[in-house]
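Report on the structure given below.
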Amino acid sequence: LKKRHERKKGGRLLRAVSGAAPLAKARAMHKLGKHAACARALEDYLRSSPLDVEANLLLGESLEAATHFQSARAVFEFVAEIAPDNAEGLKHAGAMMQRTGDPAKALEYYERALEADPRDQEAIKARKNLAAETALSAASYDTVQHSREQIVDKEQALRL
């Protein structure tokens with residue numbers, strides 16, 4: 001859709017008029033909590049305006065609320081691609097990466113969100129939590145039954 005949109009020249013007014021009804025329907029469905037219907041309406045709208053960042057963010061949020069996590073991940077990655085300075089989109093992309101099991105990519109998106117908005121407390125906290133969670137999982141503390149199992153040099157500990 002993005003490539004098709006880039007090839008077309010002009011027609012901006014026609015796209016805006018044709019997309020007004022699906023966009024209004026999508027916003028109404030989102031307010032009513034009908035996330036699947038909202039996603040369908042946004043997909044109709046995005047056929048004519050695929051680079052609309054706000055509509056893509058709303059689509060990603062609706063897909064996430066409807067528990068379509070992989071689809072939401074793809075949408076948020078697309079938002080990060082078309083709007084690399086949009087901190088909100090980058091935070092959503094990071095959250096979806098974390099939720100779908102890619103912590104390294106999630107950390108990268110949170111870093112980019114902080115580059116876009118260095119004072120964003122939500123991104124700072126999410127980055128800290130993700131870094132700590134990654135460090136804990138790498139250390140494998142959950143498999144240890146007792147602190148003595150963590151001793152590096154057990155012979156020296158016995159001598160001492």
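All residue names refer to the structure tokens as shown: chains lettered A, B, ... in order, residues numbered from 1 in each chain, ligands numbered from 1 in order.
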Test item, helix (DSSP H, G or I) assignment across chain A, answer as number ranges by chain: A: 2-7, 12-32, 35-48, 53-65, 69-82, 87-99, 103-116, 121-139, 141-143, 147-150, 154-159
Interatomic distance (Å, one decimal) between CA of Ala21 in chain A and CA of Val75 in chain A: 21.5 Å
For His68 in chain A, the nearest of the candidates A:Ala41, A:Ala80, A:Ala36, A:Ala87, counting only C-alpha atoms: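 Of all the options, A:Ala36 lies closest to His68 in chain A.
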Which residue of A:Ala93, A:Leu58, A:Ile82, A:Ala113 approaches Lys31 in chain A most closely, using only C-alpha atoms: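 Checking each of A:Ala93, A:Leu58, A:Ile82, A:Ala113 against Lys31 in chain A, counting only C-alpha atoms, the winner is A:Leu58.
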Residues of range 79-141 of chain A that approach range 47-53 of chain A to 9 Å or less, counting only C-alpha atoms: could you list each one with the shortest pair of atoms and its distance in Å to one decimal, rows by chain and increasing residue number, as a Markdown table?
| residue | atom | partner | partner_atom | distance |
| --- | --- | --- | --- | --- |
| A:Val79 | CA | A:Val53 | CA | 6.3 |
| A:Ile82 | CA | A:Leu51 | CA | 7.0 |
| A:Ala83 | CA | A:Val53 | CA | 7.1 |
| A:Asn86 | CA | A:Val53 | CA | 8.8 |
| A:Gly89 | CA | A:Val53 | CA | 8.5 |
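Atom to atom, CA of Glu115 in chain A and CA of Asp85 in chain A stand 8.2 Å apart.
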Shell of 10 Å around Ala26 in chain A, only C-alpha atoms, local chain residues under 5 positions omitted, as a list in words: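 Here the answer would be Ala20, Ala21, Lys31, Leu32, Lys34, His35, Ala36, Ala37, Cys38, Ala39, Arg40, Ala41, Leu42, Glu43, Asp44, Tyr45, Ala55, Leu58, Leu59 and Ser62 of chain A.
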Using the selection just defined, write its residues with all heavy atoms as a compact mmCIF listing (two decimals), in the first residue's frame.
# COMPACT_ATOMS: atom_id res chain seq x y z
N ALA A 20 -12.94 9.72 4.80
CA ALA A 20 -13.59 10.35 5.96
C ALA A 20 -14.58 9.40 6.64
O ALA A 20 -14.60 9.31 7.87
CB ALA A 20 -14.30 11.63 5.54
N ALA A 21 -15.38 8.69 5.87
CA ALA A 21 -16.40 7.80 6.46
C ALA A 21 -15.76 6.64 7.22
O ALA A 21 -16.12 6.38 8.38
CB ALA A 21 -17.35 7.30 5.38
N LYS A 31 -14.18 4.01 20.44
CA LYS A 31 -14.78 4.53 21.66
C LYS A 31 -15.76 3.54 22.27
O LYS A 31 -15.90 3.47 23.49
CB LYS A 31 -15.51 5.85 21.39
CG LYS A 31 -14.57 7.00 21.19
CD LYS A 31 -15.32 8.29 20.94
CE LYS A 31 -14.33 9.43 20.70
NZ LYS A 31 -15.01 10.69 20.40
N LEU A 32 -16.42 2.75 21.41
CA LEU A 32 -17.38 1.76 21.90
C LEU A 32 -16.69 0.48 22.39
O LEU A 32 -17.33 -0.39 22.97
CB LEU A 32 -18.38 1.40 20.80
CG LEU A 32 -19.35 2.52 20.40
CD1 LEU A 32 -20.17 2.09 19.18
CD2 LEU A 32 -20.27 2.87 21.57
N LYS A 34 -15.24 -1.75 20.39
CA LYS A 34 -15.36 -2.81 19.38
C LYS A 34 -14.10 -2.76 18.52
O LYS A 34 -14.07 -2.18 17.44
CB LYS A 34 -16.62 -2.60 18.54
CG LYS A 34 -17.88 -2.70 19.38
CD LYS A 34 -19.10 -2.61 18.54
CE LYS A 34 -20.33 -2.76 19.44
NZ LYS A 34 -21.55 -2.82 18.71
N HIS A 35 -13.06 -3.40 19.03
CA HIS A 35 -11.74 -3.26 18.45
C HIS A 35 -11.59 -3.95 17.10
O HIS A 35 -10.89 -3.45 16.22
CB HIS A 35 -10.69 -3.75 19.44
CG HIS A 35 -10.73 -2.99 20.72
ND1 HIS A 35 -10.37 -1.68 20.82
CD2 HIS A 35 -11.14 -3.36 21.97
CE1 HIS A 35 -10.54 -1.26 22.05
NE2 HIS A 35 -11.00 -2.27 22.77
N ALA A 36 -12.23 -5.09 16.90
CA ALA A 36 -12.13 -5.77 15.61
C ALA A 36 -12.80 -4.94 14.52
O ALA A 36 -12.25 -4.79 13.42
CB ALA A 36 -12.78 -7.15 15.70
N ALA A 37 -13.95 -4.36 14.81
CA ALA A 37 -14.65 -3.50 13.84
C ALA A 37 -13.84 -2.24 13.57
O ALA A 37 -13.77 -1.76 12.43
CB ALA A 37 -16.04 -3.16 14.34
N CYS A 38 -13.23 -1.71 14.59
CA CYS A 38 -12.37 -0.52 14.44
C CYS A 38 -11.20 -0.84 13.52
O CYS A 38 -10.87 -0.05 12.63
CB CYS A 38 -11.89 -0.06 15.81
SG CYS A 38 -10.74 1.33 15.74
N ALA A 39 -10.58 -1.99 13.71
CA ALA A 39 -9.44 -2.39 12.88
C ALA A 39 -9.85 -2.54 11.42
O ALA A 39 -9.14 -2.09 10.52
CB ALA A 39 -8.83 -3.69 13.41
N ARG A 40 -11.01 -3.15 11.18
CA ARG A 40 -11.48 -3.30 9.80
C ARG A 40 -11.73 -1.94 9.14
O ARG A 40 -11.36 -1.71 8.00
CB ARG A 40 -12.76 -4.15 9.76
CG ARG A 40 -12.49 -5.64 9.91
CD ARG A 40 -13.73 -6.46 9.60
NE ARG A 40 -14.82 -6.20 10.51
CZ ARG A 40 -14.99 -6.78 11.69
NH1 ARG A 40 -14.10 -7.67 12.11
NH2 ARG A 40 -16.02 -6.50 12.46
N ALA A 41 -12.35 -1.03 9.88
CA ALA A 41 -12.62 0.30 9.33
C ALA A 41 -11.31 1.06 9.06
O ALA A 41 -11.19 1.74 8.04
CB ALA A 41 -13.51 1.09 10.29
N LEU A 42 -10.35 0.92 9.96
CA LEU A 42 -9.06 1.59 9.75
C LEU A 42 -8.32 1.00 8.56
O LEU A 42 -7.64 1.73 7.82
CB LEU A 42 -8.21 1.51 11.01
CG LEU A 42 -8.62 2.47 12.11
CD1 LEU A 42 -7.95 2.11 13.42
CD2 LEU A 42 -8.30 3.90 11.73
N GLU A 43 -8.42 -0.30 8.37
CA GLU A 43 -7.79 -0.91 7.21
C GLU A 43 -8.40 -0.38 5.92
O GLU A 43 -7.70 -0.14 4.94
CB GLU A 43 -7.87 -2.43 7.29
CG GLU A 43 -6.93 -3.00 8.33
CD GLU A 43 -7.15 -4.46 8.63
OE1 GLU A 43 -8.18 -5.03 8.18
OE2 GLU A 43 -6.29 -5.05 9.31
N ASP A 44 -9.72 -0.16 5.92
CA ASP A 44 -10.38 0.45 4.75
C ASP A 44 -9.84 1.86 4.52
O ASP A 44 -9.56 2.24 3.38
CB ASP A 44 -11.90 0.51 4.95
CG ASP A 44 -12.56 -0.85 4.87
OD1 ASP A 44 -11.93 -1.78 4.33
OD2 ASP A 44 -13.70 -0.98 5.35
N TYR A 45 -9.72 2.61 5.58
CA TYR A 45 -9.22 3.98 5.47
C TYR A 45 -7.77 4.00 5.00
O TYR A 45 -7.39 4.81 4.14
CB TYR A 45 -9.35 4.71 6.81
CG TYR A 45 -8.62 6.03 6.84
CD1 TYR A 45 -9.10 7.12 6.13
CD2 TYR A 45 -7.45 6.17 7.56
CE1 TYR A 45 -8.42 8.33 6.14
CE2 TYR A 45 -6.77 7.37 7.58
CZ TYR A 45 -7.25 8.45 6.87
OH TYR A 45 -6.58 9.64 6.88
N ALA A 55 -3.70 7.25 12.29
CA ALA A 55 -4.59 6.13 11.97
C ALA A 55 -3.86 4.80 12.17
O ALA A 55 -4.44 3.83 12.67
CB ALA A 55 -5.11 6.26 10.55
N LEU A 58 -3.72 4.10 15.87
CA LEU A 58 -5.02 3.64 16.35
C LEU A 58 -5.28 2.19 15.91
O LEU A 58 -5.81 1.39 16.68
CB LEU A 58 -6.13 4.57 15.84
CG LEU A 58 -7.53 4.32 16.37
CD1 LEU A 58 -7.57 4.47 17.89
CD2 LEU A 58 -8.51 5.30 15.73
N LEU A 59 -4.85 1.86 14.69
CA LEU A 59 -4.98 0.48 14.21
C LEU A 59 -4.17 -0.47 15.08
O LEU A 59 -4.66 -1.52 15.49
CB LEU A 59 -4.54 0.38 12.75
CG LEU A 59 -4.49 -1.03 12.16
CD1 LEU A 59 -5.87 -1.68 12.17
CD2 LEU A 59 -3.93 -1.01 10.75
N SER A 62 -5.87 -0.92 18.42
CA SER A 62 -7.07 -1.75 18.29
C SER A 62 -6.70 -3.22 18.13
O SER A 62 -7.34 -4.09 18.73
CB SER A 62 -7.91 -1.29 17.10
OG SER A 62 -8.40 -0.01 17.31
Contact residues around Gln98 in chain A with only C-alpha atoms at 12 Å, ignoring same-chain residues under 2 positions, as a list in words: Phe69, Gln70, Arg73, Lys91, His92, Ala93, Gly94, Ala95, Met96, Thr100, Gly101, Asp102, Pro103, Ala104, Lys105, Ala106, Leu107, Glu108, Tyr109, Tyr110, Ala126, Arg127, Asn129, Leu130, Ala131, Glu133 and Thr134 of chain A
Produce a file of the selected residues containing C-alpha atoms, as an mmCIF file, in the first residue's frame.
data_model
loop_
_atom_site.group_PDB
_atom_site.id
_atom_site.type_symbol
_atom_site.label_atom_id
_atom_site.label_comp_id
_atom_site.auth_asym_id
_atom_site.auth_seq_id
_atom_site.Cartn_x
_atom_site.Cartn_y
_atom_site.Cartn_z
ATOM 1 C CA PHE A 69 -0.281 -9.145 18.939
ATOM 2 C CA GLN A 70 1.725 -10.122 15.845
ATOM 3 C CA ARG A 73 3.658 -5.561 16.143
ATOM 4 C CA LYS A 91 7.193 3.057 22.575
ATOM 5 C CA HIS A 92 4.309 0.983 21.240
ATOM 6 C CA ALA A 93 6.722 -0.876 18.953
ATOM 7 C CA GLY A 94 8.997 -1.583 21.919
ATOM 8 C CA ALA A 95 6.115 -2.837 24.025
ATOM 9 C CA MET A 96 4.943 -5.171 21.254
ATOM 10 C CA THR A 100 6.087 -11.072 21.418
ATOM 11 C CA GLY A 101 9.436 -12.192 22.850
ATOM 12 C CA ASP A 102 12.095 -10.014 21.222
ATOM 13 C CA PRO A 103 13.666 -8.062 24.124
ATOM 14 C CA ALA A 104 16.736 -6.900 22.189
ATOM 15 C CA LYS A 105 14.585 -5.267 19.504
ATOM 16 C CA ALA A 106 12.318 -3.844 22.205
ATOM 17 C CA LEU A 107 15.290 -2.213 23.908
ATOM 18 C CA GLU A 108 16.319 -0.712 20.560
ATOM 19 C CA TYR A 109 12.860 0.829 20.074
ATOM 20 C CA TYR A 110 12.856 2.261 23.603
ATOM 21 C CA ALA A 126 10.146 0.711 30.354
ATOM 22 C CA ARG A 127 13.785 0.679 29.204
ATOM 23 C CA ASN A 129 12.567 -2.565 33.513
ATOM 24 C CA LEU A 130 13.386 -4.346 30.266
ATOM 25 C CA ALA A 131 17.126 -4.079 30.846
ATOM 26 C CA GLU A 133 14.477 -8.270 33.193
ATOM 27 C CA THR A 134 16.944 -9.199 30.448
#
Which of A:Ser137, A:Thr67, A:Pro84, A:Pro22 sits closest to Glu111 in chain A [using only C-alpha atoms]: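 Of A:Ser137, A:Thr67, A:Pro84, A:Pro22, the one nearest Glu111 in chain A, counting only C-alpha atoms, is A:Pro84.
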Separation of CA of Ala123 in chain A from CA of Glu54 in chain A, in Å and rounded to one decimal: 19.1 Å
